[in-house]
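K.L.:
Input file: target_2.cif. Contents: mmCIF, N, CA and C atoms.
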data_coords
loop_
_atom_site.label_atom_id
_atom_site.label_comp_id
_atom_site.auth_asym_id
_atom_site.auth_seq_id
_atom_site.Cartn_x
_atom_site.Cartn_y
_atom_site.Cartn_z
N MET N 1 10.74 -47.26 30.47
CA MET N 1 9.56 -48.02 30.85
C MET N 1 8.77 -48.33 29.59
N HIS N 2 8.37 -49.55 29.46
CA HIS N 2 7.55 -49.98 28.33
C HIS N 2 6.17 -49.32 28.44
N ARG N 3 5.66 -48.83 27.34
CA ARG N 3 4.37 -48.11 27.36
C ARG N 3 3.24 -48.95 27.93
N ASP N 4 3.28 -50.27 27.72
CA ASP N 4 2.22 -51.13 28.23
C ASP N 4 2.53 -51.71 29.61
N GLY N 5 3.64 -51.28 30.21
CA GLY N 5 3.96 -51.73 31.56
C GLY N 5 4.64 -53.07 31.63
N HIS N 6 5.24 -53.54 30.53
CA HIS N 6 5.97 -54.81 30.56
C HIS N 6 7.22 -54.64 31.41
N LEU N 7 7.46 -55.60 32.27
CA LEU N 7 8.68 -55.62 33.05
C LEU N 7 9.81 -56.10 32.13
N PRO N 8 11.01 -55.51 32.22
CA PRO N 8 12.11 -55.96 31.36
C PRO N 8 12.41 -57.44 31.60
N SER N 9 12.76 -58.14 30.54
CA SER N 9 13.04 -59.57 30.65
C SER N 9 14.34 -59.85 31.40
N SER N 10 15.12 -58.82 31.68
CA SER N 10 16.39 -59.00 32.37
C SER N 10 16.24 -59.13 33.89
N VAL N 11 15.04 -58.94 34.42
CA VAL N 11 14.82 -59.06 35.86
C VAL N 11 15.00 -60.52 36.26
N GLY N 12 15.78 -60.75 37.32
CA GLY N 12 16.08 -62.11 37.77
C GLY N 12 14.90 -62.81 38.40
N LYS N 13 15.00 -64.14 38.48
CA LYS N 13 13.89 -64.95 38.99
C LYS N 13 13.58 -64.66 40.45
N LYS N 14 14.60 -64.39 41.29
CA LYS N 14 14.34 -64.08 42.70
C LYS N 14 13.57 -62.77 42.83
N MET N 15 13.95 -61.78 42.04
CA MET N 15 13.22 -60.50 42.08
C MET N 15 11.80 -60.69 41.56
N LEU N 16 11.65 -61.46 40.49
CA LEU N 16 10.30 -61.73 39.97
C LEU N 16 9.44 -62.39 41.03
N ALA N 17 10.00 -63.36 41.74
CA ALA N 17 9.24 -64.04 42.79
C ALA N 17 8.80 -63.05 43.86
N LEU N 18 9.68 -62.15 44.25
CA LEU N 18 9.33 -61.12 45.24
C LEU N 18 8.24 -60.19 44.70
N PHE N 19 8.38 -59.78 43.44
CA PHE N 19 7.39 -58.90 42.84
C PHE N 19 6.03 -59.57 42.73
N VAL N 20 6.01 -60.85 42.34
CA VAL N 20 4.75 -61.59 42.23
C VAL N 20 4.12 -61.74 43.61
N GLU N 21 4.93 -62.09 44.60
CA GLU N 21 4.42 -62.28 45.96
C GLU N 21 3.76 -61.01 46.51
N ASN N 22 4.35 -59.86 46.21
CA ASN N 22 3.82 -58.58 46.69
C ASN N 22 2.78 -57.97 45.75
N LYS N 23 2.48 -58.69 44.69
CA LYS N 23 1.51 -58.25 43.68
C LYS N 23 1.93 -56.93 43.02
N TYR N 24 3.25 -56.79 42.84
CA TYR N 24 3.78 -55.64 42.11
C TYR N 24 3.79 -55.92 40.61
N VAL N 25 3.75 -57.20 40.24
CA VAL N 25 3.67 -57.61 38.84
C VAL N 25 2.71 -58.78 38.74
N TYR N 26 2.23 -59.01 37.54
CA TYR N 26 1.41 -60.18 37.27
C TYR N 26 1.71 -60.68 35.87
N ARG N 27 1.24 -61.87 35.60
CA ARG N 27 1.43 -62.47 34.30
C ARG N 27 0.18 -63.25 33.94
N ASP N 28 -0.21 -63.17 32.69
CA ASP N 28 -1.37 -63.90 32.20
C ASP N 28 -0.94 -65.23 31.60
N ASP N 29 -1.89 -66.19 31.60
CA ASP N 29 -1.64 -67.41 30.84
C ASP N 29 -2.05 -67.15 29.39
N ALA N 30 -1.99 -68.15 28.56
CA ALA N 30 -2.30 -67.99 27.13
C ALA N 30 -3.74 -67.55 26.89
N ASP N 31 -4.63 -67.82 27.86
CA ASP N 31 -6.04 -67.44 27.72
C ASP N 31 -6.37 -66.09 28.35
N GLY N 32 -5.36 -65.41 28.90
CA GLY N 32 -5.59 -64.12 29.51
C GLY N 32 -5.96 -64.18 30.99
N TYR N 33 -5.90 -65.36 31.58
CA TYR N 33 -6.20 -65.53 33.00
C TYR N 33 -4.96 -65.13 33.80
N VAL N 34 -5.14 -64.34 34.85
CA VAL N 34 -4.02 -63.90 35.68
C VAL N 34 -3.50 -65.07 36.50
N LEU N 35 -2.21 -65.33 36.35
CA LEU N 35 -1.57 -66.42 37.08
C LEU N 35 -1.12 -65.93 38.46
N GLU N 36 -1.26 -66.77 39.45
CA GLU N 36 -0.87 -66.43 40.82
C GLU N 36 0.40 -67.18 41.21
N GLY N 37 1.17 -66.61 42.11
CA GLY N 37 2.31 -67.27 42.74
C GLY N 37 3.23 -67.99 41.78
N ASN N 38 3.57 -69.23 42.14
CA ASN N 38 4.54 -70.01 41.36
C ASN N 38 4.07 -70.27 39.93
N ASP N 39 2.76 -70.30 39.70
CA ASP N 39 2.27 -70.51 38.33
C ASP N 39 2.77 -69.41 37.40
N ALA N 40 2.87 -68.20 37.92
CA ALA N 40 3.35 -67.08 37.10
C ALA N 40 4.83 -67.19 36.80
N LEU N 41 5.56 -67.94 37.63
CA LEU N 41 7.01 -68.04 37.47
C LEU N 41 7.46 -69.22 36.63
N GLN N 42 6.53 -70.03 36.16
CA GLN N 42 6.90 -71.16 35.30
C GLN N 42 7.41 -70.65 33.96
N ASP N 43 8.27 -71.36 33.34
CA ASP N 43 8.87 -71.08 32.03
C ASP N 43 9.38 -69.64 31.89
N VAL N 44 9.93 -69.10 32.98
CA VAL N 44 10.41 -67.71 32.95
C VAL N 44 11.54 -67.52 31.94
N LYS N 45 12.37 -68.49 31.78
CA LYS N 45 13.50 -68.35 30.85
C LYS N 45 13.18 -68.85 29.45
N GLY N 46 12.00 -69.38 29.25
CA GLY N 46 11.64 -69.93 27.95
C GLY N 46 11.24 -68.87 26.95
N PRO N 47 11.03 -69.25 25.71
CA PRO N 47 10.64 -68.31 24.66
C PRO N 47 9.26 -67.71 24.90
N ASP N 48 8.49 -68.32 25.79
CA ASP N 48 7.15 -67.84 26.09
C ASP N 48 7.15 -66.51 26.84
N LEU N 49 8.31 -66.14 27.44
CA LEU N 49 8.37 -64.91 28.23
C LEU N 49 8.08 -63.68 27.39
N GLU N 50 8.58 -63.64 26.18
CA GLU N 50 8.31 -62.48 25.31
C GLU N 50 6.84 -62.43 24.91
N ALA N 51 6.23 -63.59 24.69
CA ALA N 51 4.82 -63.64 24.29
C ALA N 51 3.91 -63.32 25.47
N ARG N 52 4.33 -63.72 26.68
CA ARG N 52 3.53 -63.48 27.88
C ARG N 52 4.40 -62.79 28.93
N PRO N 53 4.62 -61.49 28.77
CA PRO N 53 5.50 -60.77 29.70
C PRO N 53 4.83 -60.56 31.06
N PHE N 54 5.62 -60.14 32.02
CA PHE N 54 5.09 -59.70 33.31
C PHE N 54 4.70 -58.24 33.15
N PHE N 55 3.58 -57.87 33.78
CA PHE N 55 3.10 -56.49 33.75
C PHE N 55 3.21 -55.90 35.15
N ILE N 56 3.68 -54.67 35.23
CA ILE N 56 3.78 -54.01 36.51
C ILE N 56 2.40 -53.47 36.90
N THR N 57 2.03 -53.65 38.15
CA THR N 57 0.73 -53.19 38.64
C THR N 57 0.84 -51.75 39.14
N THR N 58 -0.28 -51.15 39.43
CA THR N 58 -0.29 -49.81 40.00
C THR N 58 0.49 -49.80 41.31
N ALA N 59 0.28 -50.82 42.13
CA ALA N 59 1.01 -50.91 43.40
C ALA N 59 2.51 -51.04 43.15
N GLY N 60 2.89 -51.77 42.11
CA GLY N 60 4.30 -51.90 41.77
C GLY N 60 4.91 -50.60 41.31
N ARG N 61 4.17 -49.85 40.51
CA ARG N 61 4.65 -48.54 40.06
C ARG N 61 4.83 -47.62 41.26
N HIS N 62 3.86 -47.62 42.18
CA HIS N 62 3.94 -46.77 43.36
C HIS N 62 5.12 -47.15 44.24
N ALA N 63 5.33 -48.45 44.42
CA ALA N 63 6.42 -48.94 45.26
C ALA N 63 7.79 -48.57 44.70
N ALA N 64 7.88 -48.39 43.39
CA ALA N 64 9.15 -48.07 42.76
C ALA N 64 9.55 -46.61 42.89
N LEU N 65 8.61 -45.77 43.32
CA LEU N 65 8.88 -44.33 43.43
C LEU N 65 9.55 -43.99 44.76
N ASN N 66 10.40 -42.97 44.73
CA ASN N 66 10.96 -42.48 45.99
C ASN N 66 10.00 -41.44 46.59
N ASP N 67 10.27 -41.01 47.81
CA ASP N 67 9.37 -40.08 48.50
C ASP N 67 9.16 -38.78 47.73
N GLY N 68 10.22 -38.25 47.14
CA GLY N 68 10.10 -37.01 46.38
C GLY N 68 9.21 -37.16 45.16
N GLN N 69 9.30 -38.30 44.50
CA GLN N 69 8.46 -38.55 43.33
C GLN N 69 6.99 -38.70 43.73
N VAL N 70 6.74 -39.38 44.85
CA VAL N 70 5.36 -39.51 45.33
C VAL N 70 4.81 -38.13 45.69
N ARG N 71 5.60 -37.33 46.38
CA ARG N 71 5.15 -35.97 46.73
C ARG N 71 4.85 -35.15 45.49
N ALA N 72 5.69 -35.27 44.47
CA ALA N 72 5.48 -34.52 43.23
C ALA N 72 4.14 -34.88 42.58
N LEU N 73 3.74 -36.14 42.70
CA LEU N 73 2.49 -36.59 42.10
C LEU N 73 1.27 -36.33 42.97
N THR N 74 1.49 -36.01 44.25
CA THR N 74 0.35 -35.90 45.17
C THR N 74 0.17 -34.52 45.80
N GLU N 75 1.22 -33.73 45.91
CA GLU N 75 1.13 -32.46 46.63
C GLU N 75 1.20 -31.27 45.68
N GLY N 76 0.24 -30.39 45.79
CA GLY N 76 0.24 -29.16 45.01
C GLY N 76 -0.08 -29.33 43.54
N VAL N 77 -0.68 -30.45 43.17
CA VAL N 77 -1.05 -30.67 41.77
C VAL N 77 -2.30 -29.86 41.47
N GLY N 78 -2.26 -29.08 40.40
CA GLY N 78 -3.39 -28.26 40.03
C GLY N 78 -4.56 -29.08 39.50
N PRO N 79 -5.75 -28.47 39.39
CA PRO N 79 -6.92 -29.18 38.89
C PRO N 79 -6.75 -29.68 37.46
N ASP N 80 -5.83 -29.06 36.71
CA ASP N 80 -5.56 -29.48 35.34
C ASP N 80 -4.44 -30.53 35.28
N GLY N 81 -3.90 -30.90 36.45
CA GLY N 81 -2.84 -31.90 36.51
C GLY N 81 -1.44 -31.33 36.52
N ARG N 82 -1.35 -30.01 36.45
CA ARG N 82 -0.01 -29.39 36.46
C ARG N 82 0.65 -29.63 37.81
N LEU N 83 1.91 -30.07 37.77
CA LEU N 83 2.63 -30.29 39.01
C LEU N 83 3.00 -28.95 39.65
N ALA N 84 3.24 -28.97 40.94
CA ALA N 84 3.63 -27.77 41.67
C ALA N 84 4.92 -27.21 41.06
N ARG N 85 5.04 -25.90 41.08
CA ARG N 85 6.23 -25.25 40.51
C ARG N 85 7.50 -25.62 41.28
N THR N 86 7.35 -26.12 42.48
CA THR N 86 8.51 -26.48 43.30
C THR N 86 9.10 -27.84 42.96
N VAL N 87 8.46 -28.61 42.06
CA VAL N 87 8.99 -29.91 41.68
C VAL N 87 10.27 -29.71 40.87
N ALA N 88 11.32 -30.35 41.32
CA ALA N 88 12.63 -30.20 40.68
C ALA N 88 12.61 -30.81 39.27
N TRP N 89 13.41 -30.21 38.39
CA TRP N 89 13.50 -30.68 37.00
C TRP N 89 13.87 -32.16 36.93
N PRO N 90 14.89 -32.64 37.67
CA PRO N 90 15.21 -34.07 37.57
C PRO N 90 14.05 -34.98 38.00
N THR N 91 13.28 -34.55 38.98
CA THR N 91 12.13 -35.35 39.43
C THR N 91 11.08 -35.40 38.34
N ALA N 92 10.76 -34.27 37.75
CA ALA N 92 9.76 -34.22 36.68
C ALA N 92 10.18 -35.09 35.49
N HIS N 93 11.46 -35.03 35.13
CA HIS N 93 11.93 -35.82 33.99
C HIS N 93 11.96 -37.31 34.29
N ALA N 94 12.29 -37.66 35.53
CA ALA N 94 12.25 -39.08 35.92
C ALA N 94 10.82 -39.60 35.84
N LEU N 95 9.86 -38.81 36.30
CA LEU N 95 8.45 -39.21 36.24
C LEU N 95 7.96 -39.27 34.79
N ALA N 96 8.49 -38.41 33.94
CA ALA N 96 8.12 -38.44 32.52
C ALA N 96 8.63 -39.74 31.88
N ARG N 97 9.84 -40.17 32.24
CA ARG N 97 10.37 -41.43 31.69
C ARG N 97 9.52 -42.62 32.13
N LEU N 98 8.88 -42.49 33.29
CA LEU N 98 8.01 -43.56 33.80
C LEU N 98 6.57 -43.42 33.30
N LEU N 99 6.32 -42.42 32.44
CA LEU N 99 5.01 -42.15 31.83
C LEU N 99 3.98 -41.69 32.86
N LEU N 100 4.44 -41.17 33.99
CA LEU N 100 3.54 -40.67 35.03
C LEU N 100 3.33 -39.17 34.89
N VAL N 101 4.17 -38.53 34.10
CA VAL N 101 4.11 -37.10 33.84
C VAL N 101 4.34 -36.89 32.36
N GLU N 102 3.68 -35.88 31.82
CA GLU N 102 3.90 -35.48 30.44
C GLU N 102 4.37 -34.04 30.45
N LEU N 103 5.39 -33.74 29.69
CA LEU N 103 5.88 -32.37 29.57
C LEU N 103 5.14 -31.70 28.42
N ARG N 104 4.62 -30.49 28.68
CA ARG N 104 3.83 -29.76 27.68
C ARG N 104 4.34 -28.34 27.53
N ASP N 105 4.06 -27.74 26.35
CA ASP N 105 4.40 -26.34 26.15
C ASP N 105 3.29 -25.46 26.72
N GLU N 106 3.43 -24.16 26.56
CA GLU N 106 2.45 -23.21 27.12
C GLU N 106 1.05 -23.38 26.55
N GLN N 107 0.94 -23.95 25.34
CA GLN N 107 -0.37 -24.17 24.72
C GLN N 107 -0.97 -25.53 25.11
N GLY N 108 -0.23 -26.31 25.89
CA GLY N 108 -0.72 -27.61 26.33
C GLY N 108 -0.36 -28.76 25.41
N ASN N 109 0.46 -28.49 24.41
CA ASN N 109 0.90 -29.54 23.49
C ASN N 109 2.09 -30.29 24.06
N PRO N 110 2.19 -31.58 23.77
CA PRO N 110 3.35 -32.34 24.26
C PRO N 110 4.66 -31.68 23.84
N ALA N 111 5.58 -31.58 24.78
CA ALA N 111 6.90 -30.99 24.53
C ALA N 111 7.96 -31.86 25.20
N PRO N 112 8.20 -33.04 24.63
CA PRO N 112 9.16 -33.95 25.25
C PRO N 112 10.52 -33.29 25.45
N GLY N 113 11.09 -33.51 26.61
CA GLY N 113 12.43 -33.00 26.90
C GLY N 113 12.46 -31.66 27.59
N ASP N 114 11.53 -30.78 27.27
CA ASP N 114 11.55 -29.46 27.90
C ASP N 114 10.14 -28.88 27.86
N GLY N 115 9.52 -28.83 29.00
CA GLY N 115 8.18 -28.28 29.07
C GLY N 115 7.68 -28.24 30.49
N ILE N 116 6.44 -27.94 30.63
CA ILE N 116 5.78 -27.85 31.92
C ILE N 116 5.27 -29.24 32.28
N PRO N 117 5.57 -29.73 33.49
CA PRO N 117 5.15 -31.09 33.85
C PRO N 117 3.68 -31.16 34.26
N PHE N 118 2.96 -32.08 33.63
CA PHE N 118 1.57 -32.35 33.96
C PHE N 118 1.44 -33.83 34.28
N ARG N 119 0.68 -34.15 35.30
CA ARG N 119 0.45 -35.54 35.68
C ARG N 119 -0.45 -36.20 34.64
N THR N 120 -0.08 -37.40 34.21
CA THR N 120 -0.89 -38.16 33.27
C THR N 120 -1.99 -38.90 34.05
N GLU N 121 -2.91 -39.52 33.32
CA GLU N 121 -3.94 -40.33 33.99
C GLU N 121 -3.29 -41.47 34.76
N LEU N 122 -2.27 -42.08 34.16
CA LEU N 122 -1.55 -43.13 34.87
C LEU N 122 -0.89 -42.56 36.12
N GLY N 123 -0.32 -41.38 36.02
CA GLY N 123 0.29 -40.73 37.18
C GLY N 123 -0.72 -40.46 38.28
N LYS N 124 -1.93 -40.07 37.90
CA LYS N 124 -2.99 -39.84 38.88
C LYS N 124 -3.37 -41.14 39.56
N THR N 125 -3.50 -42.21 38.79
CA THR N 125 -3.85 -43.52 39.34
C THR N 125 -2.78 -43.99 40.31
N VAL N 126 -1.52 -43.85 39.93
CA VAL N 126 -0.42 -44.26 40.81
C VAL N 126 -0.39 -43.40 42.06
N ALA N 127 -0.65 -42.11 41.91
CA ALA N 127 -0.65 -41.20 43.07
C ALA N 127 -1.74 -41.58 44.07
N GLU N 128 -2.85 -42.07 43.58
CA GLU N 128 -3.97 -42.45 44.45
C GLU N 128 -3.78 -43.81 45.08
N GLU N 129 -2.77 -44.57 44.62
CA GLU N 129 -2.48 -45.89 45.15
C GLU N 129 -1.93 -45.74 46.58
N THR N 130 -2.45 -46.53 47.49
CA THR N 130 -1.89 -46.50 48.86
C THR N 130 -1.31 -47.86 49.15
N SER N 131 -2.11 -48.75 49.67
CA SER N 131 -1.60 -50.09 49.96
C SER N 131 -2.43 -51.16 49.25
N THR N 132 -3.24 -50.74 48.30
CA THR N 132 -4.06 -51.69 47.56
C THR N 132 -3.17 -52.55 46.69
N THR N 133 -3.51 -53.81 46.58
CA THR N 133 -2.73 -54.70 45.73
C THR N 133 -3.56 -55.23 44.58
N ASP N 134 -4.61 -54.53 44.20
CA ASP N 134 -5.42 -54.96 43.06
C ASP N 134 -4.58 -54.86 41.80
N ILE N 135 -4.79 -55.76 40.89
CA ILE N 135 -4.07 -55.73 39.63
C ILE N 135 -4.71 -54.69 38.74
N ALA N 136 -3.87 -53.79 38.25
CA ALA N 136 -4.35 -52.72 37.36
C ALA N 136 -3.37 -52.48 36.25
#
Can you dump the structure from the file as structure tokens?
P.N.:
Amino acid sequence: MHRDGHLPSSVGKKMLALFVENKYVYRDDADGYVLEGNDALQDVKGPDLEARPFFITTAGRHAALNDGQVRALTEGVGPDGRLARTVAWPTAHALARLLLVELRDEQGNPAPGDGIPFRTELGKTVAEETSTTDIA
């Protein structure tokens, strides 16, 4: 996952249209104005795509998660953001690749690859997403 939420350029036009329609992604014009519907899908194959990528919304991130991942972000999370001890290692690592969880050592320092899973601010925002389609 791109740190800024850019959707990969390899996503096909039909999928992009579905994502735009459901407000799972958005795209800005050159002035930073959010484009709606078909306007966002213009020049998708052109060189402008790299300069103006599609961004995944909070609703889009939430929709991409499976039930176990949503539960991991919402159930049994400690006040410090630590995930429940029952969250499986593959689930925690999948969420870490999506930047929704950060793995930390016992001192709270980042420990990529092997550590205690803590929900990130982005993970908290996605966990709180229900059916809102606001662009975030």
K.L.:
Can you check which residues of chain N DSSP gives as strand (DSSP E) on the backbone and send them as a PyMOL selection string?
P.N.:
chain N and resi 25-28+34-35+54-56+101-104+116-119
K.L.:
Let me know the residues the PyMOL selection byres ((chain N and resi 80-94) around 8) catches in the file above, as a tab-separated table (two decimals) with N, CA and C atoms, keeping the file's coordinate frame.
P.N.:
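And here's expr13.tsv as it stands now:
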chain	number	residue	atom	x	y	z
N	68	GLY	N	10.22	-38.25	47.14
N	68	GLY	CA	10.10	-37.01	46.38
N	68	GLY	C	9.21	-37.16	45.16
N	69	GLN	N	9.30	-38.30	44.50
N	69	GLN	CA	8.46	-38.55	43.33
N	69	GLN	C	6.99	-38.70	43.73
N	71	ARG	N	5.60	-37.33	46.38
N	71	ARG	CA	5.15	-35.97	46.73
N	71	ARG	C	4.85	-35.15	45.49
N	72	ALA	N	5.69	-35.27	44.47
N	72	ALA	CA	5.48	-34.52	43.23
N	72	ALA	C	4.14	-34.88	42.58
N	73	LEU	N	3.74	-36.14	42.70
N	73	LEU	CA	2.49	-36.59	42.10
N	73	LEU	C	1.27	-36.33	42.97
N	74	THR	N	1.49	-36.01	44.25
N	74	THR	CA	0.35	-35.90	45.17
N	74	THR	C	0.17	-34.52	45.80
N	75	GLU	N	1.22	-33.73	45.91
N	75	GLU	CA	1.13	-32.46	46.63
N	75	GLU	C	1.20	-31.27	45.68
N	76	GLY	N	0.24	-30.39	45.79
N	76	GLY	CA	0.24	-29.16	45.01
N	76	GLY	C	-0.08	-29.33	43.54
N	77	VAL	N	-0.68	-30.45	43.17
N	77	VAL	CA	-1.05	-30.67	41.77
N	77	VAL	C	-2.30	-29.86	41.47
N	78	GLY	N	-2.26	-29.08	40.40
N	78	GLY	CA	-3.39	-28.26	40.03
N	78	GLY	C	-4.56	-29.08	39.50
N	79	PRO	N	-5.75	-28.47	39.39
N	79	PRO	CA	-6.92	-29.18	38.89
N	79	PRO	C	-6.75	-29.68	37.46
N	95	LEU	N	9.86	-38.81	36.30
N	95	LEU	CA	8.45	-39.21	36.24
N	95	LEU	C	7.96	-39.27	34.79
N	96	ALA	N	8.49	-38.41	33.94
N	96	ALA	CA	8.12	-38.44	32.52
N	96	ALA	C	8.63	-39.74	31.88
N	97	ARG	N	9.84	-40.17	32.24
N	97	ARG	CA	10.37	-41.43	31.69
N	97	ARG	C	9.52	-42.62	32.13
N	98	LEU	N	8.88	-42.49	33.29
N	98	LEU	CA	8.01	-43.56	33.80
N	98	LEU	C	6.57	-43.42	33.30
N	99	LEU	N	6.32	-42.42	32.44
N	99	LEU	CA	5.01	-42.15	31.83
N	99	LEU	C	3.98	-41.69	32.86
N	100	LEU	N	4.44	-41.17	33.99
N	100	LEU	CA	3.54	-40.67	35.03
N	100	LEU	C	3.33	-39.17	34.89
N	101	VAL	N	4.17	-38.53	34.10
N	101	VAL	CA	4.11	-37.10	33.84
N	101	VAL	C	4.34	-36.89	32.36
N	102	GLU	N	3.68	-35.88	31.82
N	102	GLU	CA	3.90	-35.48	30.44
N	102	GLU	C	4.37	-34.04	30.45
N	103	LEU	N	5.39	-33.74	29.69
N	103	LEU	CA	5.88	-32.37	29.57
N	103	LEU	C	5.14	-31.70	28.42
N	113	GLY	N	11.09	-33.51	26.61
N	113	GLY	CA	12.43	-33.00	26.90
N	113	GLY	C	12.46	-31.66	27.59
N	116	ILE	N	6.44	-27.94	30.63
N	116	ILE	CA	5.78	-27.85	31.92
N	116	ILE	C	5.27	-29.24	32.28
N	117	PRO	N	5.57	-29.73	33.49
N	117	PRO	CA	5.15	-31.09	33.85
N	117	PRO	C	3.68	-31.16	34.26
N	118	PHE	N	2.96	-32.08	33.63
N	118	PHE	CA	1.57	-32.35	33.96
N	118	PHE	C	1.44	-33.83	34.28
N	119	ARG	N	0.68	-34.15	35.30
N	119	ARG	CA	0.45	-35.54	35.68
N	119	ARG	C	-0.45	-36.20	34.64
N	120	THR	N	-0.08	-37.40	34.21
N	120	THR	CA	-0.89	-38.16	33.27
N	120	THR	C	-1.99	-38.90	34.05
K.L.:
What is the atom C of Asp29 (chain N)-atom N of Met15 (chain N) distance in Å, reported with one decimal?
P.N.:
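Value for the atom C of Asp29 (chain N)-atom N of Met15 (chain N) distance: 21.1 Å.
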K.L.:
Could you list, as a list in words, every residue within 8 Å of region 17-25 of chain N, counting all atoms listed in the file and ignoring same-chain residues fewer than 2 positions away?
P.N.:
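Final neighbour list, sorted by chain and number: Leu7, Val11, Gly12, Lys13, Lys14, Met15, Arg27, Glu36, Gly37, Asn38, Ala40, Leu41, Phe54, Phe55, Ile56, Thr57, Thr58, Ala59, Gly60, Arg61, Ala63, Thr132, Thr133, Asp134 and Ile135 of chain N.
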K.L.:
So that I can check the secondary structure, give me every residue of region 7-75 of chain N assigned helix (DSSP H, G or I) by backbone DSSP, as a PyMOL selection string.
P.N.:
chain N and resi 13-21+37-41+48-51+58-63+67-74
K.L.:
For those residues, write N, CA and C atoms to a file as a compact mmCIF listing (two decimals), keeping the file's coordinate frame.
P.N.:
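Generated file (result00.txt):
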# COMPACT_ATOMS: atom_id res chain seq x y z
N LYS N 13 15.00 -64.14 38.48
CA LYS N 13 13.89 -64.95 38.99
C LYS N 13 13.58 -64.66 40.45
N LYS N 14 14.60 -64.39 41.29
CA LYS N 14 14.34 -64.08 42.70
C LYS N 14 13.57 -62.77 42.83
N MET N 15 13.95 -61.78 42.04
CA MET N 15 13.22 -60.50 42.08
C MET N 15 11.80 -60.69 41.56
N LEU N 16 11.65 -61.46 40.49
CA LEU N 16 10.30 -61.73 39.97
C LEU N 16 9.44 -62.39 41.03
N ALA N 17 10.00 -63.36 41.74
CA ALA N 17 9.24 -64.04 42.79
C ALA N 17 8.80 -63.05 43.86
N LEU N 18 9.68 -62.15 44.25
CA LEU N 18 9.33 -61.12 45.24
C LEU N 18 8.24 -60.19 44.70
N PHE N 19 8.38 -59.78 43.44
CA PHE N 19 7.39 -58.90 42.84
C PHE N 19 6.03 -59.57 42.73
N VAL N 20 6.01 -60.85 42.34
CA VAL N 20 4.75 -61.59 42.23
C VAL N 20 4.12 -61.74 43.61
N GLU N 21 4.93 -62.09 44.60
CA GLU N 21 4.42 -62.28 45.96
C GLU N 21 3.76 -61.01 46.51
N GLY N 37 1.17 -66.61 42.11
CA GLY N 37 2.31 -67.27 42.74
C GLY N 37 3.23 -67.99 41.78
N ASN N 38 3.57 -69.23 42.14
CA ASN N 38 4.54 -70.01 41.36
C ASN N 38 4.07 -70.27 39.93
N ASP N 39 2.76 -70.30 39.70
CA ASP N 39 2.27 -70.51 38.33
C ASP N 39 2.77 -69.41 37.40
N ALA N 40 2.87 -68.20 37.92
CA ALA N 40 3.35 -67.08 37.10
C ALA N 40 4.83 -67.19 36.80
N LEU N 41 5.56 -67.94 37.63
CA LEU N 41 7.01 -68.04 37.47
C LEU N 41 7.46 -69.22 36.63
N ASP N 48 8.49 -68.32 25.79
CA ASP N 48 7.15 -67.84 26.09
C ASP N 48 7.15 -66.51 26.84
N LEU N 49 8.31 -66.14 27.44
CA LEU N 49 8.37 -64.91 28.23
C LEU N 49 8.08 -63.68 27.39
N GLU N 50 8.58 -63.64 26.18
CA GLU N 50 8.31 -62.48 25.31
C GLU N 50 6.84 -62.43 24.91
N ALA N 51 6.23 -63.59 24.69
CA ALA N 51 4.82 -63.64 24.29
C ALA N 51 3.91 -63.32 25.47
N THR N 58 -0.28 -51.15 39.43
CA THR N 58 -0.29 -49.81 40.00
C THR N 58 0.49 -49.80 41.31
N ALA N 59 0.28 -50.82 42.13
CA ALA N 59 1.01 -50.91 43.40
C ALA N 59 2.51 -51.04 43.15
N GLY N 60 2.89 -51.77 42.11
CA GLY N 60 4.30 -51.90 41.77
C GLY N 60 4.91 -50.60 41.31
N ARG N 61 4.17 -49.85 40.51
CA ARG N 61 4.65 -48.54 40.06
C ARG N 61 4.83 -47.62 41.26
N HIS N 62 3.86 -47.62 42.18
CA HIS N 62 3.94 -46.77 43.36
C HIS N 62 5.12 -47.15 44.24
N ALA N 63 5.33 -48.45 44.42
CA ALA N 63 6.42 -48.94 45.26
C ALA N 63 7.79 -48.57 44.70
N ASP N 67 10.27 -41.01 47.81
CA ASP N 67 9.37 -40.08 48.50
C ASP N 67 9.16 -38.78 47.73
N GLY N 68 10.22 -38.25 47.14
CA GLY N 68 10.10 -37.01 46.38
C GLY N 68 9.21 -37.16 45.16
N GLN N 69 9.30 -38.30 44.50
CA GLN N 69 8.46 -38.55 43.33
C GLN N 69 6.99 -38.70 43.73
N VAL N 70 6.74 -39.38 44.85
CA VAL N 70 5.36 -39.51 45.33
C VAL N 70 4.81 -38.13 45.69
N ARG N 71 5.60 -37.33 46.38
CA ARG N 71 5.15 -35.97 46.73
C ARG N 71 4.85 -35.15 45.49
N ALA N 72 5.69 -35.27 44.47
CA ALA N 72 5.48 -34.52 43.23
C ALA N 72 4.14 -34.88 42.58
N LEU N 73 3.74 -36.14 42.70
CA LEU N 73 2.49 -36.59 42.10
C LEU N 73 1.27 -36.33 42.97
N THR N 74 1.49 -36.01 44.25
CA THR N 74 0.35 -35.90 45.17
C THR N 74 0.17 -34.52 45.80
K.L.:
Quick one: pull the distance between CA of Glu106 (chain N) and CA of Gly123 (chain N), Å, one decimal.
P.N.:
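These two atoms are separated by 20.3 Å.
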K.L.:
If you measure from CA of Val34 (chain N) to atom N of Pro8 (chain N), what distance in Å do you get, rounded to one decimal?
P.N.:
17.6 Å
K.L.:
Could you tell me which of N:Asp105, N:Asp28, N:Asp39, N:Asp67 comes closest to Pro53 (chain N) if we count all atoms listed in the file?
P.N.:
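Selected residue with least distance to Pro53 (chain N): N:Asp28.
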K.L.:
Which residue is closest to Val126 (chain N)? Choose from N:Arg104, N:Val70, N:Leu35, N:Asp114 and count only N, CA and C atoms.
P.N.:
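The shortest atom-to-atom distance to Val126 (chain N) comes from N:Val70.
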